[in-house]
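One file, query-v7.cif, is given below (mmCIF, C-alpha atoms).
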data_coords
#
loop_
_atom_site.group_PDB
_atom_site.id
_atom_site.type_symbol
_atom_site.label_atom_id
_atom_site.label_comp_id
_atom_site.auth_asym_id
_atom_site.auth_seq_id
_atom_site.Cartn_x
_atom_site.Cartn_y
_atom_site.Cartn_z
ATOM 1 C CA GLY A 176 4.653 13.836 -30.479
ATOM 2 C CA ALA A 177 1.457 13.968 -28.476
ATOM 3 C CA SER A 178 1.642 12.436 -25.040
ATOM 4 C CA SER A 179 -0.915 9.984 -23.758
ATOM 5 C CA ALA A 180 -2.652 10.208 -20.404
ATOM 6 C CA SER A 181 -0.401 7.498 -18.989
ATOM 7 C CA SER A 182 2.808 9.248 -20.005
ATOM 8 C CA SER A 183 1.589 12.579 -18.630
ATOM 9 C CA ALA A 184 1.211 10.877 -15.235
ATOM 10 C CA ALA A 185 4.690 9.350 -15.424
ATOM 11 C CA VAL A 186 6.970 9.576 -12.435
ATOM 12 C CA GLU A 187 10.556 9.112 -13.594
ATOM 13 C CA GLY A 188 12.571 6.753 -11.409
ATOM 14 C CA LEU A 189 9.544 5.335 -9.574
ATOM 15 C CA THR A 190 10.275 2.474 -7.163
ATOM 16 C CA VAL A 191 7.354 0.215 -6.198
ATOM 17 C CA ALA A 192 7.534 -2.152 -3.198
ATOM 18 C CA THR A 193 5.421 -5.283 -3.136
ATOM 19 C CA GLY A 194 5.583 -8.683 -1.550
ATOM 20 C CA ASP A 195 5.769 -11.961 -3.379
ATOM 21 C CA SER A 196 1.991 -12.498 -3.525
ATOM 22 C CA ALA A 197 0.573 -14.106 -6.654
ATOM 23 C CA ASP A 198 -2.844 -12.481 -6.058
ATOM 24 C CA PRO A 199 -4.216 -11.478 -9.499
ATOM 25 C CA VAL A 200 -5.663 -8.147 -8.284
ATOM 26 C CA LEU A 201 -2.350 -7.185 -6.675
ATOM 27 C CA ALA A 202 -0.523 -8.214 -9.874
ATOM 28 C CA SER A 203 -2.835 -5.949 -11.881
ATOM 29 C CA ALA A 204 -2.246 -3.031 -9.479
ATOM 30 C CA LYS A 205 1.502 -3.642 -9.743
ATOM 31 C CA ARG A 206 1.369 -3.550 -13.563
ATOM 32 C CA ALA A 207 -0.592 -0.281 -13.422
ATOM 33 C CA ALA A 208 1.908 1.265 -10.996
ATOM 34 C CA LEU A 209 4.868 0.147 -13.082
ATOM 35 C CA GLY A 210 3.220 1.727 -16.124
ATOM 36 C CA CYS A 211 3.599 5.102 -14.398
ATOM 37 C CA GLY A 212 7.389 4.851 -14.510
ATOM 38 C CA GLY A 213 7.725 6.844 -17.748
ATOM 39 C CA PRO A 214 10.275 6.070 -20.459
ATOM 40 C CA ALA A 215 12.884 5.044 -17.892
ATOM 41 C CA GLY A 216 10.434 2.566 -16.391
ATOM 42 C CA ALA A 217 9.866 1.777 -12.759
ATOM 43 C CA ARG A 218 11.745 -0.505 -10.421
ATOM 44 C CA VAL A 219 10.273 -3.177 -8.170
ATOM 45 C CA ALA A 220 11.544 -3.827 -4.664
ATOM 46 C CA THR A 221 10.289 -7.089 -3.165
ATOM 47 C CA ILE A 222 10.016 -6.537 0.584
ATOM 48 C CA GLY A 223 8.482 -8.956 3.070
ATOM 49 C CA GLY A 224 6.184 -7.741 5.833
ATOM 50 C CA ALA A 225 3.627 -4.935 5.856
ATOM 51 C CA GLY A 226 5.544 -2.871 8.399
ATOM 52 C CA ALA A 227 8.802 -3.182 6.454
ATOM 53 C CA LYS A 228 7.122 -2.025 3.234
ATOM 54 C CA LEU A 229 5.507 0.983 4.909
ATOM 55 C CA LEU A 230 8.752 1.864 6.685
ATOM 56 C CA ALA A 231 10.660 1.741 3.366
ATOM 57 C CA CYS A 232 8.096 4.175 1.973
ATOM 58 C CA ALA A 233 8.350 6.463 5.017
ATOM 59 C CA GLN A 234 12.147 6.460 4.724
ATOM 60 C CA GLY A 235 11.975 7.329 1.030
ATOM 61 C CA ARG A 236 13.651 4.076 -0.075
ATOM 62 C CA VAL A 237 10.560 3.348 -2.206
ATOM 63 C CA ASP A 238 7.919 5.672 -3.619
ATOM 64 C CA LEU A 239 4.895 3.399 -3.603
ATOM 65 C CA THR A 240 3.909 0.294 -1.665
ATOM 66 C CA LEU A 241 1.236 -2.198 -2.747
ATOM 67 C CA MET A 242 -0.143 -4.835 -0.387
ATOM 68 C CA HIS A 243 -2.756 -7.537 -0.853
ATOM 69 C CA PHE A 244 -6.112 -8.208 0.767
ATOM 70 C CA LYS A 245 -4.749 -10.415 3.528
ATOM 71 C CA THR A 246 -2.653 -7.628 5.059
ATOM 72 C CA SER A 247 -3.724 -7.176 8.676
ATOM 73 C CA LYS A 248 -4.817 -3.826 10.068
ATOM 74 C CA TRP A 249 -2.838 -4.783 13.156
ATOM 75 C CA ASP A 250 0.326 -4.823 11.022
ATOM 76 C CA THR A 251 -0.403 -1.576 9.161
ATOM 77 C CA CYS A 252 -1.807 0.773 11.826
ATOM 78 C CA ALA A 253 1.447 1.933 13.509
ATOM 79 C CA PRO A 254 3.545 2.263 10.327
ATOM 80 C CA GLU A 255 0.584 4.015 8.682
ATOM 81 C CA ALA A 256 0.629 6.646 11.445
ATOM 82 C CA LEU A 257 4.373 7.136 10.986
ATOM 83 C CA LEU A 258 4.094 7.473 7.206
ATOM 84 C CA LYS A 259 1.215 9.954 7.492
ATOM 85 C CA ALA A 260 3.174 12.019 10.034
ATOM 86 C CA LEU A 261 5.988 12.267 7.485
ATOM 87 C CA GLY A 262 3.649 13.507 4.733
ATOM 88 C CA GLY A 263 2.768 10.182 3.127
ATOM 89 C CA LYS A 264 -0.598 8.703 2.280
ATOM 90 C CA VAL A 265 -2.112 5.263 2.962
ATOM 91 C CA THR A 266 -5.337 4.067 1.336
ATOM 92 C CA ASP A 267 -7.015 0.936 0.072
ATOM 93 C CA LEU A 268 -6.627 -0.031 -3.608
ATOM 94 C CA PHE A 269 -9.542 2.268 -4.460
ATOM 95 C CA GLY A 270 -8.111 5.387 -2.776
ATOM 96 C CA ALA A 271 -10.274 5.352 0.363
ATOM 97 C CA PRO A 272 -8.625 5.744 3.792
ATOM 98 C CA LEU A 273 -8.054 2.579 5.793
ATOM 99 C CA VAL A 274 -10.585 2.157 8.586
ATOM 100 C CA HIS A 275 -9.511 0.777 11.970
ATOM 101 C CA PRO A 276 -12.765 -0.170 13.718
ATOM 102 C CA THR A 277 -13.234 -1.671 17.144
ATOM 103 C CA PRO A 278 -13.846 -5.416 17.208
ATOM 104 C CA PRO A 279 -17.377 -6.325 16.157
ATOM 105 C CA PRO A 280 -19.314 -8.919 18.143
ATOM 106 C CA ASN A 281 -19.888 -10.975 14.983
ATOM 107 C CA LEU A 282 -18.628 -10.615 11.408
ATOM 108 C CA ASP A 283 -19.562 -13.118 8.701
ATOM 109 C CA GLY A 284 -20.107 -15.755 11.366
ATOM 110 C CA ALA A 285 -16.575 -15.348 12.785
ATOM 111 C CA ARG A 286 -16.001 -14.392 16.383
ATOM 112 C CA ALA A 287 -14.163 -11.121 17.055
ATOM 113 C CA GLU A 288 -11.386 -13.089 18.773
ATOM 114 C CA ASP A 289 -10.683 -14.931 15.512
ATOM 115 C CA GLY A 290 -9.236 -11.732 14.032
ATOM 116 C CA ALA A 291 -11.145 -12.039 10.735
ATOM 117 C CA TRP A 292 -12.194 -8.389 11.077
ATOM 118 C CA LEU A 293 -8.531 -7.289 11.094
ATOM 119 C CA GLY A 294 -7.970 -7.879 7.377
ATOM 120 C CA ASN A 295 -7.530 -4.957 4.991
ATOM 121 C CA ARG A 296 -10.089 -6.513 2.667
ATOM 122 C CA LEU A 297 -9.545 -3.910 -0.060
ATOM 123 C CA GLY A 298 -5.736 -4.011 -0.091
ATOM 124 C CA VAL A 299 -3.279 -1.286 0.892
ATOM 125 C CA VAL A 300 -1.507 1.379 -1.160
ATOM 126 C CA ALA A 301 1.011 3.718 0.445
ATOM 127 C CA SER A 302 2.994 6.577 -1.049
ATOM 128 C CA ASN A 303 5.437 9.052 0.382
ATOM 129 C CA GLY A 304 5.087 12.806 -0.102
ATOM 130 C CA GLY A 305 7.212 12.864 -3.265
ATOM 131 C CA LEU A 306 4.561 11.289 -5.479
ATOM 132 C CA GLU A 307 2.016 13.975 -4.695
ATOM 133 C CA ALA A 308 4.591 16.479 -5.999
ATOM 134 C CA GLY A 309 5.058 14.381 -9.169
ATOM 135 C CA ARG A 310 8.552 13.169 -8.375
ATOM 136 C CA PRO A 311 10.124 10.264 -6.496
ATOM 137 C CA HIS A 312 11.283 10.980 -2.970
ATOM 138 C CA HIS A 313 14.351 8.832 -2.344
ATOM 139 C CA ALA A 314 16.485 9.441 0.731
#
Now that the file is in, can you turn its structure into structure tokens?
Amino acid sequence: GASSASSSAAVEGLTVATGDSADPVLASAKRAALGCGGPAGARVATIGGAGAKLLACAQGRVDLTLMHFKTSKWDTCAPEALLKALGGKVTDLFGAPLVHPTPPPNLDGARAEDGAWLGNRLGVVASNGGLEAGRPHHA
């Protein structure tokens, strides 16, 4: 039969890591990612901590990592560098690179010391090099 756009983008054996957040946008992103698992479906790995999720992706234990809007840039910057060095990709939920700016003097009325500027306000998506080749990359 004819294949739909979603099945043509299927990645057999896909494993998606997320936390236990009940955020509705993250839940929607998770459903979309799981829909890319093809006929065999995709698996979910619940992993706590931004660094642990990114490390699992870098190690090839998971193919895709989804994180919510409260994830701190402080927690993602070092594992992001490691994942990128190994051929992976880290973006926000819209596909744009994460930006790690210097502390602003004032952001939305919060002082720079408060850390409000450290949030990845558009979420985090990470994938290892296998997804770009259309296949999972498990170690």
> Between A:Arg296, A:Gly263, A:Leu268, A:Val274, which is the closest to Leu201 in chain A once you count all atoms listed in the file?
Replying inline: A:Leu268
> Could you spell out the hits of the PyMOL selection byres ((chain A and resi 269) around 12) on the shown file, as a ChimeraX atom specification?
Replying inline: /A:200,204,241,265-268,270-273,296-301
> Mind telling me what the PyMOL selection byres ((chain A and resi 232) around 12) catches here, as a PyMOL selection string?
Replying inline: chain A and resi 189-193+220+222+225-231+233-241+254-255+257-259+261-265+300-306+311-314
> Nearest to Leu209 in chain A among A:Gly194, A:Gly188, A:Gly223, A:Cys252, with distances taken over only C-alpha atoms: which residue is it?
Replying inline: A:Gly188
> Please, what distance in Å, to one decimal, runs between CA of Met242 in chain A and CA of Gly224 in chain A?
Replying inline: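 Distance reported for this atom pair: 9.3 Å.
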> Distance CA of Lys245 in chain A-CA of His275 in chain A, one decimal place?
Replying inline: 14.8 Å
> Quick one, how far is CA of Trp249 in chain A from CA of Ser203 in chain A?
Replying inline: 25.1 Å
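When all atoms listed in the file are used to compute distances to Thr221 in chain A, the closest of the residues A:Ser247, A:Pro199, A:Lys205, A:Ala256 turns out to be A:Lys205.
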